[in-house]
file input22.cif (mmCIF, C-alpha atoms)
data_model
loop_
_atom_site.label_atom_id
_atom_site.label_comp_id
_atom_site.auth_asym_id
_atom_site.auth_seq_id
_atom_site.Cartn_x
_atom_site.Cartn_y
_atom_site.Cartn_z
CA MET A 1 -51.25 -3.31 -35.72
CA SER A 2 -50.79 -6.49 -33.70
CA GLU A 3 -53.78 -8.61 -32.75
CA SER A 4 -53.67 -7.60 -29.10
CA LEU A 5 -53.40 -3.89 -29.83
CA PHE A 6 -56.27 -4.35 -32.27
CA ASN A 7 -58.39 -5.85 -29.48
CA ILE A 8 -57.41 -3.14 -27.03
CA GLU A 9 -58.37 -0.51 -29.59
CA ALA A 10 -61.73 -2.10 -30.32
CA GLU A 11 -62.63 -2.44 -26.65
CA LEU A 12 -61.49 1.05 -25.68
CA HIS A 13 -63.02 2.75 -28.68
CA GLU A 14 -66.46 1.32 -28.03
CA LEU A 15 -66.38 2.46 -24.40
CA TRP A 16 -65.05 5.86 -25.43
CA VAL A 17 -67.87 6.48 -27.90
CA GLN A 18 -70.41 5.66 -25.19
CA ALA A 19 -68.54 7.85 -22.73
CA LEU A 20 -68.66 10.80 -25.12
CA GLN A 21 -72.44 10.43 -25.20
CA GLY A 22 -72.47 11.10 -21.47
CA ASP A 23 -72.28 7.56 -20.08
CA HIS A 24 -70.29 8.00 -16.85
CA ALA A 25 -69.97 4.27 -16.17
CA SER A 26 -68.41 3.66 -19.60
CA TYR A 27 -66.08 6.58 -19.08
CA GLN A 28 -64.97 5.20 -15.74
CA ARG A 29 -64.38 1.77 -17.28
CA ALA A 30 -62.48 3.30 -20.18
CA LEU A 31 -60.21 5.24 -17.81
CA GLY A 32 -59.72 2.11 -15.74
CA LEU A 33 -58.58 0.12 -18.78
CA MET A 34 -56.42 3.00 -19.93
CA SER A 35 -54.71 3.21 -16.53
CA GLY A 36 -53.66 -0.43 -16.93
CA HIS A 37 -52.23 0.10 -20.42
CA VAL A 38 -50.48 3.31 -19.41
CA ARG A 39 -49.04 1.65 -16.30
CA ARG A 40 -47.52 -1.18 -18.33
CA PHE A 41 -46.22 1.32 -20.91
CA LEU A 42 -44.48 3.35 -18.19
CA GLN A 43 -43.23 0.37 -16.18
CA LYS A 44 -41.34 -0.88 -19.22
CA ARG A 45 -39.60 2.48 -19.61
CA MET A 46 -38.96 3.37 -15.98
CA GLN A 47 -37.35 0.24 -14.57
CA SER A 48 -35.05 2.27 -12.34
CA GLN A 49 -37.79 4.57 -11.01
CA LEU A 50 -40.71 2.25 -10.45
CA SER A 51 -41.77 4.31 -7.45
CA ASP A 52 -42.59 7.22 -9.77
CA VAL A 53 -44.72 5.15 -12.14
CA GLU A 54 -48.01 5.51 -10.28
CA ASP A 55 -47.64 9.29 -9.99
CA LEU A 56 -47.06 9.48 -13.72
CA VAL A 57 -50.00 7.15 -14.43
CA GLN A 58 -52.22 9.56 -12.53
CA GLU A 59 -50.77 12.59 -14.32
CA THR A 60 -51.40 10.89 -17.65
CA LEU A 61 -54.99 10.09 -16.69
CA MET A 62 -55.56 13.73 -15.70
CA ALA A 63 -54.11 14.86 -19.03
CA ILE A 64 -56.29 12.35 -20.91
CA HIS A 65 -59.30 13.80 -19.11
CA GLN A 66 -58.37 17.46 -19.54
CA LYS A 67 -57.30 17.08 -23.17
CA ARG A 68 -60.05 14.70 -24.30
CA HIS A 69 -61.27 17.29 -26.81
CA THR A 70 -58.03 16.78 -28.80
CA TYR A 71 -59.01 13.22 -29.73
CA GLN A 72 -60.60 12.93 -33.17
CA SER A 73 -62.08 9.77 -34.57
CA ASP A 74 -59.72 9.80 -37.61
CA GLN A 75 -56.92 8.35 -35.47
CA PRO A 76 -56.73 5.25 -33.24
CA LEU A 77 -57.63 5.98 -29.64
CA THR A 78 -54.65 3.90 -28.48
CA ALA A 79 -52.26 6.05 -30.56
CA TRP A 80 -53.67 9.16 -28.91
CA MET A 81 -53.48 7.61 -25.43
CA TYR A 82 -49.91 6.33 -25.81
CA ALA A 83 -48.80 9.68 -27.29
CA ILE A 84 -50.02 11.43 -24.14
CA ALA A 85 -48.31 8.83 -21.92
CA ARG A 86 -45.09 9.23 -23.92
CA TYR A 87 -45.27 13.01 -23.62
CA LYS A 88 -45.72 12.78 -19.84
CA TRP A 89 -42.85 10.30 -19.63
CA VAL A 90 -40.47 12.47 -21.67
CA ASP A 91 -41.54 15.49 -19.63
CA HIS A 92 -40.74 13.55 -16.48
CA LEU A 93 -37.32 12.58 -17.83
CA ARG A 94 -36.59 16.20 -18.68
CA ALA A 95 -37.55 17.35 -15.21
CA HIS A 96 -35.89 14.58 -13.19
CA GLY A 97 -33.83 12.50 -15.58
CA ARG A 98 -30.72 14.61 -15.70
CA ARG A 99 -30.11 14.19 -12.01
CA GLU A 100 -31.97 11.03 -11.14
CA GLY A 101 -30.91 9.01 -14.15
CA LEU A 102 -27.53 8.77 -12.48
CA HIS A 103 -29.02 8.46 -9.04
CA ASP A 104 -29.41 5.13 -7.28
CA ASP A 105 -31.49 5.40 -4.16
CA ILE A 106 -29.12 4.44 -1.33
CA ASP A 107 -31.97 2.79 0.56
CA ASP A 108 -32.10 0.14 -2.16
CA TRP A 109 -28.54 -0.85 -1.31
CA SER A 110 -28.57 -0.50 2.47
CA GLU A 111 -28.20 -4.22 3.06
CA THR A 112 -25.23 -4.49 0.76
CA LEU A 113 -23.51 -1.36 1.93
CA ALA A 114 -24.12 -1.33 5.66
CA VAL A 115 -21.09 -2.11 7.87
CA ASP A 116 -22.93 -1.82 11.13
CA SER A 117 -21.75 -4.92 13.02
CA GLU A 118 -18.39 -5.51 14.65
CA GLU A 119 -18.04 -8.70 12.69
CA GLU A 120 -18.37 -7.03 9.29
CA ALA A 121 -16.01 -4.24 10.27
CA SER A 122 -13.33 -6.71 11.31
CA ASP A 123 -13.93 -8.67 8.11
CA ALA A 124 -13.18 -5.54 6.16
CA HIS A 125 -10.01 -5.04 8.17
CA LYS A 126 -8.93 -8.62 7.47
CA ASP A 127 -9.56 -8.11 3.75
CA LEU A 128 -7.26 -5.11 3.83
CA GLU A 129 -4.55 -7.11 5.59
CA VAL A 130 -4.79 -9.85 2.99
CA VAL A 131 -4.49 -7.34 0.19
CA LEU A 132 -1.48 -5.59 1.73
CA ALA A 133 0.24 -8.85 2.64
CA ASP A 134 1.05 -9.42 -1.00
CA LEU A 135 3.27 -6.35 -1.11
CA PRO A 136 7.00 -6.25 -0.33
CA LEU A 137 7.65 -5.18 3.28
CA ARG A 138 8.93 -1.68 2.51
CA GLN A 139 6.00 -0.82 0.28
CA ARG A 140 3.54 -2.22 2.79
CA GLU A 141 5.05 -0.20 5.64
CA ALA A 142 5.01 2.98 3.62
CA ILE A 143 1.34 2.57 2.72
CA GLU A 144 0.23 1.48 6.19
CA HIS A 145 1.92 4.40 7.92
CA THR A 146 0.77 7.11 5.53
CA ARG A 147 -2.63 5.90 4.30
CA LEU A 148 -3.95 3.87 7.24
CA MET A 149 -2.36 5.55 10.28
CA GLY A 150 -2.40 8.97 8.70
CA LEU A 151 1.26 9.85 9.39
CA SER A 152 3.24 12.28 7.26
CA ILE A 153 6.05 11.27 4.92
CA THR A 154 8.66 12.60 7.35
CA GLU A 155 7.22 10.70 10.32
CA THR A 156 7.00 7.53 8.25
CA ALA A 157 10.63 7.92 7.21
CA GLU A 158 11.71 8.28 10.86
CA ARG A 159 9.75 5.24 12.05
CA THR A 160 10.69 2.87 9.24
CA GLY A 161 14.23 4.02 8.71
CA GLN A 162 13.67 4.70 5.01
CA SER A 163 14.61 7.99 3.41
CA GLU A 164 11.72 10.33 2.59
CA ALA A 165 12.33 9.83 -1.11
CA SER A 166 12.08 6.06 -0.86
CA VAL A 167 8.88 6.33 1.24
CA LYS A 168 7.32 8.30 -1.61
CA VAL A 169 8.56 5.86 -4.23
CA ASN A 170 7.37 2.85 -2.21
CA ILE A 171 3.87 4.33 -1.71
CA HIS A 172 3.66 4.96 -5.39
CA ARG A 173 4.88 1.50 -6.40
CA GLY A 174 2.73 -0.24 -3.80
CA LEU A 175 -0.45 1.55 -4.87
CA LYS A 176 0.36 0.82 -8.48
CA THR A 177 0.70 -2.89 -7.75
CA LEU A 178 -2.56 -2.89 -5.79
CA MET A 179 -4.37 -1.07 -8.59
CA ALA A 180 -3.07 -3.54 -11.17
CA LYS A 181 -4.17 -6.47 -9.08
CA TRP A 182 -7.43 -5.28 -7.51
CA GLY A 183 -8.41 -2.14 -9.37
CA ALA A 184 -10.19 -3.87 -12.23
CA LYS A 185 -12.40 -5.83 -9.85
CA ALA A 186 -13.49 -2.80 -7.82
CA MET B 1 -54.52 9.34 -3.79
CA LYS B 2 -55.26 5.90 -5.15
CA THR B 3 -55.49 5.73 -8.92
CA ASN B 4 -58.95 4.17 -8.76
CA ASP B 5 -60.19 7.06 -6.61
CA LEU B 6 -58.80 9.50 -9.16
CA ILE B 7 -60.60 7.66 -11.96
CA ALA B 8 -63.88 7.76 -10.05
CA LEU B 9 -63.38 11.47 -9.48
CA LEU B 10 -62.63 12.17 -13.13
CA ALA B 11 -65.65 10.13 -14.25
CA THR B 12 -67.98 12.31 -12.20
CA ASP B 13 -66.51 15.56 -13.55
CA THR B 14 -69.54 17.29 -15.04
CA LEU B 15 -67.62 19.99 -16.90
CA GLN B 16 -68.12 19.73 -20.63
CA PRO B 17 -64.99 18.99 -22.64
CA GLN B 18 -63.56 21.97 -24.49
CA LYS B 19 -64.27 22.79 -28.12
CA PRO B 20 -62.54 20.71 -30.80
CA VAL B 21 -59.12 21.63 -32.16
CA ARG B 22 -60.19 23.21 -35.46
CA GLN B 23 -62.84 25.35 -33.87
CA GLN B 24 -60.51 26.74 -31.21
CA LEU B 25 -57.68 27.50 -33.64
CA LEU B 26 -59.93 29.07 -36.28
CA ARG B 27 -61.70 31.28 -33.73
CA GLN B 28 -58.41 32.62 -32.39
CA LEU B 29 -57.03 33.05 -35.91
CA LEU B 30 -60.06 35.12 -36.90
CA LEU B 31 -59.77 37.21 -33.76
CA GLY B 32 -56.06 37.81 -34.40
CA ALA B 33 -56.71 38.71 -38.04
CA LEU B 34 -59.33 41.24 -36.98
CA VAL B 35 -56.97 42.97 -34.53
CA CYS B 36 -54.24 42.86 -37.16
CA GLY B 37 -56.53 44.45 -39.78
CA VAL B 38 -57.60 47.25 -37.45
CA LEU B 39 -53.94 47.92 -36.59
CA LEU B 40 -53.03 48.20 -40.27
CA TRP B 41 -55.95 50.52 -41.00
CA ALA B 42 -55.30 52.73 -37.95
CA VAL B 43 -51.49 52.88 -37.96
CA LEU B 44 -50.27 52.32 -41.54
CA GLY B 45 -53.30 53.01 -43.72
CA LEU B 46 -54.38 51.36 -46.97
CA ASN B 47 -52.57 51.70 -50.26
CA PRO B 48 -54.57 54.43 -52.11
CA GLN B 49 -53.97 52.68 -55.47
CA MET B 50 -55.26 49.35 -54.22
CA ASP B 51 -57.57 48.88 -57.22
CA GLN B 52 -54.60 48.91 -59.65
CA MET B 53 -52.40 46.88 -57.27
CA ALA B 54 -55.02 44.15 -56.94
CA VAL B 55 -54.62 43.12 -60.59
CA HIS B 56 -50.81 43.43 -60.73
CA PRO B 57 -49.17 40.07 -61.54
CA ALA B 58 -46.53 40.52 -58.80
CA PHE B 59 -49.25 41.20 -56.24
CA ILE B 60 -51.22 38.14 -57.33
CA THR B 61 -48.08 35.96 -57.23
CA LYS B 62 -47.31 37.23 -53.74
CA MET B 63 -50.84 36.58 -52.49
CA LEU B 64 -50.80 33.05 -53.91
CA TRP B 65 -47.49 32.44 -52.15
CA LEU B 66 -48.79 33.80 -48.84
CA THR B 67 -51.96 31.74 -49.19
CA ALA B 68 -49.83 28.62 -49.65
CA LEU B 69 -47.81 29.48 -46.52
CA MET B 70 -50.99 30.08 -44.51
CA GLY B 71 -52.59 26.92 -45.82
CA PHE B 72 -49.67 24.64 -45.01
CA SER B 73 -49.09 26.14 -41.58
CA LEU B 74 -52.78 25.94 -40.63
CA TYR B 75 -52.81 22.32 -41.80
CA GLY B 76 -49.73 21.76 -39.67
CA LEU B 77 -51.25 23.35 -36.57
CA PHE B 78 -54.40 21.24 -36.87
CA ARG B 79 -52.15 18.19 -36.74
CA LEU B 80 -49.49 19.30 -34.26
CA ALA B 81 -52.11 20.35 -31.69
CA ARG B 82 -53.16 16.71 -31.26
CA PRO B 83 -51.16 13.95 -29.55
CA GLY B 84 -50.24 11.00 -31.73
CA VAL B 85 -50.55 12.88 -35.04
CA GLY B 86 -47.33 13.77 -36.84
CA ALA B 87 -46.57 16.99 -38.69
CA GLY B 88 -47.42 15.28 -42.00
CA HIS B 89 -46.46 17.26 -45.09
CA THR B 90 -46.27 20.57 -43.23
CA LEU B 91 -42.52 21.11 -43.46
CA VAL B 92 -42.24 19.92 -47.06
CA GLY B 93 -45.06 22.24 -48.09
CA LEU B 94 -43.67 25.25 -46.26
CA GLY B 95 -40.17 24.52 -47.56
CA LEU B 96 -41.33 24.27 -51.17
CA ALA B 97 -43.36 27.49 -50.93
CA LEU B 98 -40.37 29.39 -49.52
CA LEU B 99 -38.07 27.85 -52.12
CA ALA B 100 -40.44 28.88 -54.93
CA MET B 101 -40.52 32.54 -53.89
CA GLY B 102 -36.77 32.48 -53.22
CA SER B 103 -36.10 31.15 -56.73
CA LEU B 104 -38.42 33.71 -58.35
CA GLY B 105 -36.68 36.48 -56.41
CA VAL B 106 -33.21 35.34 -57.47
CA MET B 107 -34.26 34.94 -61.11
CA GLN B 108 -35.77 38.40 -61.24
CA TRP B 109 -32.69 39.87 -59.60
CA LEU B 110 -30.37 38.15 -62.12
CA GLN B 111 -32.44 39.42 -65.03
CA ALA B 112 -32.38 43.02 -63.80
CA ASP B 113 -29.75 45.48 -65.15
CA ALA B 114 -26.75 45.90 -62.86
CA GLY B 115 -27.82 49.47 -62.05
CA ALA B 116 -31.35 48.47 -61.10
CA ARG B 117 -30.41 45.56 -58.87
CA SER B 118 -30.24 47.36 -55.57
CA ALA B 119 -33.64 48.94 -56.20
CA GLN B 120 -34.85 45.47 -57.12
CA TRP B 121 -34.29 44.02 -53.68
CA MET B 122 -34.38 47.08 -51.44
CA GLY B 123 -37.39 48.74 -53.08
CA GLY B 124 -38.54 51.93 -51.40
CA SER B 125 -39.69 50.51 -48.09
CA TRP B 126 -37.20 47.87 -46.98
CA GLU B 127 -36.66 49.56 -43.60
CA VAL B 128 -40.29 49.23 -42.57
CA CYS B 129 -41.45 46.06 -44.32
CA SER B 130 -40.11 43.26 -42.10
CA VAL B 131 -40.59 45.32 -38.95
CA SER B 132 -44.24 46.02 -39.85
CA ILE B 133 -44.90 42.36 -40.59
CA VAL B 134 -43.41 41.33 -37.24
CA GLY B 135 -45.40 44.01 -35.40
CA LEU B 136 -48.67 43.13 -37.12
CA SER B 137 -48.15 39.43 -36.50
CA LEU B 138 -47.81 39.68 -32.72
CA PRO B 139 -51.56 39.79 -31.91
CA VAL B 140 -52.11 36.82 -34.22
CA LEU B 141 -49.24 34.86 -32.69
CA GLY B 142 -50.53 35.63 -29.19
CA ALA B 143 -54.03 34.47 -30.07
CA LEU B 144 -52.74 31.25 -31.64
CA LEU B 145 -50.48 30.41 -28.70
CA TRP B 146 -53.38 31.01 -26.34
CA ALA B 147 -55.50 28.55 -28.33
CA LEU B 148 -52.65 26.01 -28.43
CA ARG B 149 -52.34 26.12 -24.66
CA GLN B 150 -55.87 24.71 -24.44
CA LEU B 151 -54.85 21.93 -26.86
CA ALA B 152 -52.17 19.27 -26.52
CA PRO B 153 -49.09 19.81 -28.73
CA THR B 154 -46.41 17.23 -27.92
CA ARG B 155 -43.69 19.11 -29.85
CA PRO B 156 -43.85 22.61 -28.34
CA ALA B 157 -40.99 24.30 -30.22
CA LEU B 158 -42.03 23.02 -33.66
CA THR B 159 -45.66 23.85 -32.95
CA GLY B 160 -44.66 27.38 -31.91
CA ALA B 161 -42.58 27.78 -35.07
CA VAL B 162 -45.49 26.74 -37.28
CA ALA B 163 -47.83 29.06 -35.34
CA GLY B 164 -45.29 31.84 -35.98
CA MET B 165 -45.25 30.96 -39.68
CA LEU B 166 -49.05 31.22 -39.81
CA ALA B 167 -49.08 34.49 -37.86
CA GLY B 168 -46.31 35.93 -40.02
CA SER B 169 -47.88 35.01 -43.36
CA LEU B 170 -51.29 36.27 -42.25
CA ALA B 171 -49.72 39.56 -41.10
CA ALA B 172 -47.85 39.78 -44.42
CA SER B 173 -51.11 39.30 -46.33
CA ILE B 174 -52.74 42.11 -44.38
CA TYR B 175 -49.64 44.29 -44.75
CA SER B 176 -49.99 43.78 -48.52
CA LEU B 177 -53.02 46.08 -48.41
CA HIS B 178 -50.58 48.87 -47.48
CA CYS B 179 -47.44 47.87 -49.36
CA THR B 180 -46.69 49.40 -52.80
CA GLU B 181 -43.76 47.15 -53.79
CA THR B 182 -44.01 45.00 -56.91
CA SER B 183 -40.62 43.27 -56.97
CA LEU B 184 -40.50 39.53 -56.32
CA THR B 185 -36.91 39.91 -55.09
CA PHE B 186 -38.19 42.34 -52.47
CA PHE B 187 -40.85 39.85 -51.35
CA ALA B 188 -38.33 37.00 -51.21
CA VAL B 189 -36.04 39.02 -48.93
CA TRP B 190 -38.18 41.25 -46.71
CA TYR B 191 -41.50 39.43 -46.58
CA ALA B 192 -39.89 36.02 -46.13
CA GLY B 193 -37.40 37.52 -43.67
CA GLY B 194 -40.16 39.03 -41.53
CA ILE B 195 -42.15 35.80 -41.60
CA ALA B 196 -39.07 33.74 -40.67
CA LEU B 197 -38.40 36.08 -37.76
CA VAL B 198 -41.94 35.61 -36.43
CA SER B 199 -41.51 31.86 -36.85
CA GLY B 200 -38.35 32.00 -34.74
CA VAL B 201 -40.10 34.02 -32.04
CA GLY B 202 -42.92 31.48 -32.16
CA ALA B 203 -40.47 28.59 -31.68
CA VAL B 204 -38.96 30.18 -28.57
CA LEU B 205 -42.33 31.16 -27.09
CA GLY B 206 -43.80 27.77 -27.94
CA TRP B 207 -40.94 25.95 -26.29
CA ARG B 208 -41.53 27.95 -23.11
CA MET B 209 -45.32 28.29 -23.10
CA LEU B 210 -46.73 25.15 -24.65
CA ARG B 211 -45.95 22.69 -21.86
CA TRP B 212 -48.89 20.90 -20.32
#
call {"tool": "encode", "arguments": {"input": "input22.cif", "output": "structure tokens"}}
result
Amino acid sequence: MSESLFNIEAELHELWVQALQGDHASYQRALGLMSGHVRRFLQKRMQSQLSDVEDLVQETLMAIHQKRHTYQSDQPLTAWMYAIARYKWVDHLRAHGRREGLHDDIDDWSETLAVDSEEEASDAHKDLEVVLADLPLRQREAIEHTRLMGLSITETAERTGQSEASVKVNIHRGLKTLMAKWGAKA
Amino acid sequence: MKTNDLIALLATDTLQPQKPVRQQLLRQLLLGALVCGVLLWAVLGLNPQMDQMAVHPAFITKMLWLTALMGFSLYGLFRLARPGVGAGHTLVGLGLALLAMGSLGVMQWLQADAGARSAQWMGGSWEVCSVSIVGLSLPVLGALLWALRQLAPTRPALTGAVAGMLAGSLAASIYSLHCTETSLTFFAVWYAGGIALVSGVGAVLGWRMLRW
């Protein structure tokens, strides 16, 4: 047991013994201290869902209160308290983790993602032009007509004077080049 | 709600905390055993030759084995019902007890004459033995799970399995007042089988019911 955990245990245990004798003020102080320890315990483990921490702190405190008859003096009070916090945390992961573990709240990224000004939109368009400019003319035409303007293969062939087969081949080759050059950075 | 408000609210809660773990589990165990005993007496009846059976070496061996199973599983429940306390030696103890009876059963079966072997393990009551043990154990298992719901097991499936082991071995002990078998092979197959079945049911029920 590290020195700090030893101190935490000593402080909490004394309050807890007084609380069990019916001292409401000690009980309130003990719960207050526990809420701090539980909060730090959960914050460390829920970096990506910090907004849920306080809810879980409160659930843990309720469980500590409702299950206080399961504490026996043959074990450290901190072990009992952290076991309840861990149980509530695992329970939370089971209920929400499967979906929300993979879930990044889009609000957190709104500043990075938003393309709401004319300027940014035209920047994006310029980026695309720069990327496509690297390609040979025929490949660029094929991709621009089909992927950006939304034309069919036949229409693209008519407008560019390529055969349909070479339009298909040029799209394929062009995209492959782009993927090789830019794909890894995406 | 602010956490500090919640703490203030909890601190003024005047409800007494519930009874300690041992007391709750033992009370429910006693209640379950009582129902189980009445069921045996009313439905199956006692073995009329109980006075001779009580001193039979096979009966005594069986009761020692069942006592060991009950002891280890009760020890386990006392621990598993509390957060931050591991299962301890529960699984080792239960495993050794089952292994001991399994070995005795196999040894007795190997020693029997080829013609007597099927009687050795099927006895005269194999159809009803496991089923009766499972049936008798259900009130005990129900009572134990009810008690555990008031407590705080952090490993619900394992806790349910151990509760099932306790219910099964208690039911088997009570069923022994009816049973007339004296073959260890029979006990190793049908008693242990019935108890294992109850343990499995307990694991499933525990996993579903013991969340808090």
call {"tool": "closest_residue", "arguments": {"input": "input22.cif", "among": "B:Trp109, B:Trp121, B:Tyr75, B:Trp212", "to": "Gln150 of chain B", "atoms": "only C-alpha atoms"}}
result
B:Trp212
call {"tool": "resolve_selection", "arguments": {"input": "input22.cif", "expression": "the PyMOL selection byres ((chain A) within 8 of (chain B))", "output": "number ranges by chain"}}
result
A: 24-25, 27-28, 31-32, 54, 57-58, 61-62, 65-71, 75, 79-84, 87
call {"tool": "atom_distance", "arguments": {"input": "input22.cif", "atom1": "atom CA of Gly123 of chain B", "atom2": "atom CA of Leu166 of chain B"}}
result
24.9 Å
call {"tool": "resolve_selection", "arguments": {"input": "input22.cif", "expression": "the PyMOL selection byres ((chain B and resi 26) around 12)", "output": "list in words"}}
result
Lys19, Pro20, Val21, Arg22, Gln23, Gln24, Leu25, Arg27, Gln28, Leu29, Leu30, Leu31, Gly32, Ala33, Leu74, Tyr75, Leu77, Phe78, Val140, Ala143, Leu144, Ala147, Leu148 and Leu166 of chain B
call {"tool": "resolve_selection", "arguments": {"input": "input22.cif", "expression": "the PyMOL selection byres ((chain A and resi 131) around 12)", "output": "PyMOL selection string"}}
result
chain A and resi 124-130+132-136+140+143-144+174-175+177-179+181-183
call {"tool": "residues_around", "arguments": {"input": "input22.cif", "residues": "segment 172-185 of chain B", "least_positions_apart": "4", "cutoff": "9 Å", "atoms": "all atoms listed in the file", "output": "PyMOL selection string"}}
result
chain B and resi 33+36-37+40-41+44-50+53-54+56-59+61-63+66-67+101-109+120-125+129-130+132-134+136-137+167-168+189-192+194-195
call {"tool": "atom_distance", "arguments": {"input": "input22.cif", "atom1": "atom CA of Leu80 of chain B", "atom2": "atom CA of Thr159 of chain B"}}
result
6.1 Å
call {"tool": "atom_distance", "arguments": {"input": "input22.cif", "atom1": "atom CA of Leu98 of chain B", "atom2": "atom CA of Met70 of chain B"}}
result
11.8 Å
call {"tool": "closest_residue", "arguments": {"input": "input22.cif", "among": "B:Ala203, B:Ala188, B:Ala163, B:Ala87", "to": "Gly142 of chain B", "atoms": "only C-alpha atoms"}}
result
B:Ala163
call {"tool": "axis_aligned_box", "arguments": {"input": "input22.cif", "around": "segment 207-210 of chain B", "padding_each_side": "5 Å", "output": "JSON"}}
result
{"center_x": -43.8, "center_y": 26.7, "center_z": -24.7, "size_x": 15.8, "size_y": 13.1, "size_z": 13.2}
call {"tool": "build_atoms", "arguments": {"input": "input22.cif", "residues": "segment 178-193 of chain B", "atoms": "N, CA and C atoms", "output": "mmCIF file, in the coordinates of the input"}}
result
data_model
loop_
_atom_site.group_PDB
_atom_site.id
_atom_site.type_symbol
_atom_site.label_atom_id
_atom_site.label_comp_id
_atom_site.auth_asym_id
_atom_site.auth_seq_id
_atom_site.Cartn_x
_atom_site.Cartn_y
_atom_site.Cartn_z
ATOM 1 N N HIS B 178 -51.250 47.578 -47.652
ATOM 2 C CA HIS B 178 -50.580 48.870 -47.480
ATOM 3 C C HIS B 178 -49.391 48.998 -48.429
ATOM 4 N N CYS B 179 -48.724 47.873 -48.670
ATOM 5 C CA CYS B 179 -47.440 47.870 -49.360
ATOM 6 C C CYS B 179 -47.583 48.238 -50.841
ATOM 7 N N THR B 180 -46.628 49.007 -51.382
ATOM 8 C CA THR B 180 -46.690 49.400 -52.800
ATOM 9 C C THR B 180 -45.594 48.743 -53.631
ATOM 10 N N GLU B 181 -44.850 47.797 -53.052
ATOM 11 C CA GLU B 181 -43.760 47.150 -53.790
ATOM 12 C C GLU B 181 -44.307 46.147 -54.798
ATOM 13 N N THR B 182 -43.589 45.997 -55.918
ATOM 14 C CA THR B 182 -44.010 45.000 -56.910
ATOM 15 C C THR B 182 -42.848 44.127 -57.364
ATOM 16 N N SER B 183 -41.766 44.073 -56.573
ATOM 17 C CA SER B 183 -40.620 43.270 -56.970
ATOM 18 C C SER B 183 -40.625 41.949 -56.207
ATOM 19 N N LEU B 184 -40.506 40.849 -56.961
ATOM 20 C CA LEU B 184 -40.500 39.530 -56.320
ATOM 21 C C LEU B 184 -39.258 39.362 -55.448
ATOM 22 N N THR B 185 -38.132 39.981 -55.895
ATOM 23 C CA THR B 185 -36.910 39.910 -55.090
ATOM 24 C C THR B 185 -37.156 40.546 -53.717
ATOM 25 N N PHE B 186 -37.856 41.676 -53.731
ATOM 26 C CA PHE B 186 -38.190 42.340 -52.470
ATOM 27 C C PHE B 186 -38.998 41.412 -51.566
ATOM 28 N N PHE B 187 -40.017 40.754 -52.149
ATOM 29 C CA PHE B 187 -40.850 39.850 -51.350
ATOM 30 C C PHE B 187 -40.012 38.710 -50.777
ATOM 31 N N ALA B 188 -39.117 38.158 -51.643
ATOM 32 C CA ALA B 188 -38.330 37.000 -51.210
ATOM 33 C C ALA B 188 -37.400 37.356 -50.057
ATOM 34 N N VAL B 189 -36.958 38.627 -50.009
ATOM 35 C CA VAL B 189 -36.040 39.020 -48.930
ATOM 36 C C VAL B 189 -36.809 39.519 -47.708
ATOM 37 N N TRP B 190 -37.635 40.561 -47.895
ATOM 38 C CA TRP B 190 -38.180 41.250 -46.710
ATOM 39 C C TRP B 190 -39.444 40.616 -46.182
ATOM 40 N N TYR B 191 -40.311 40.145 -47.058
ATOM 41 C CA TYR B 191 -41.500 39.430 -46.580
ATOM 42 C C TYR B 191 -41.079 38.115 -45.921
ATOM 43 N N ALA B 192 -40.301 37.317 -46.678
ATOM 44 C CA ALA B 192 -39.890 36.020 -46.130
ATOM 45 C C ALA B 192 -39.067 36.219 -44.862
ATOM 46 N N GLY B 193 -38.212 37.262 -44.860
ATOM 47 C CA GLY B 193 -37.400 37.520 -43.670
ATOM 48 C C GLY B 193 -38.259 37.826 -42.455
#
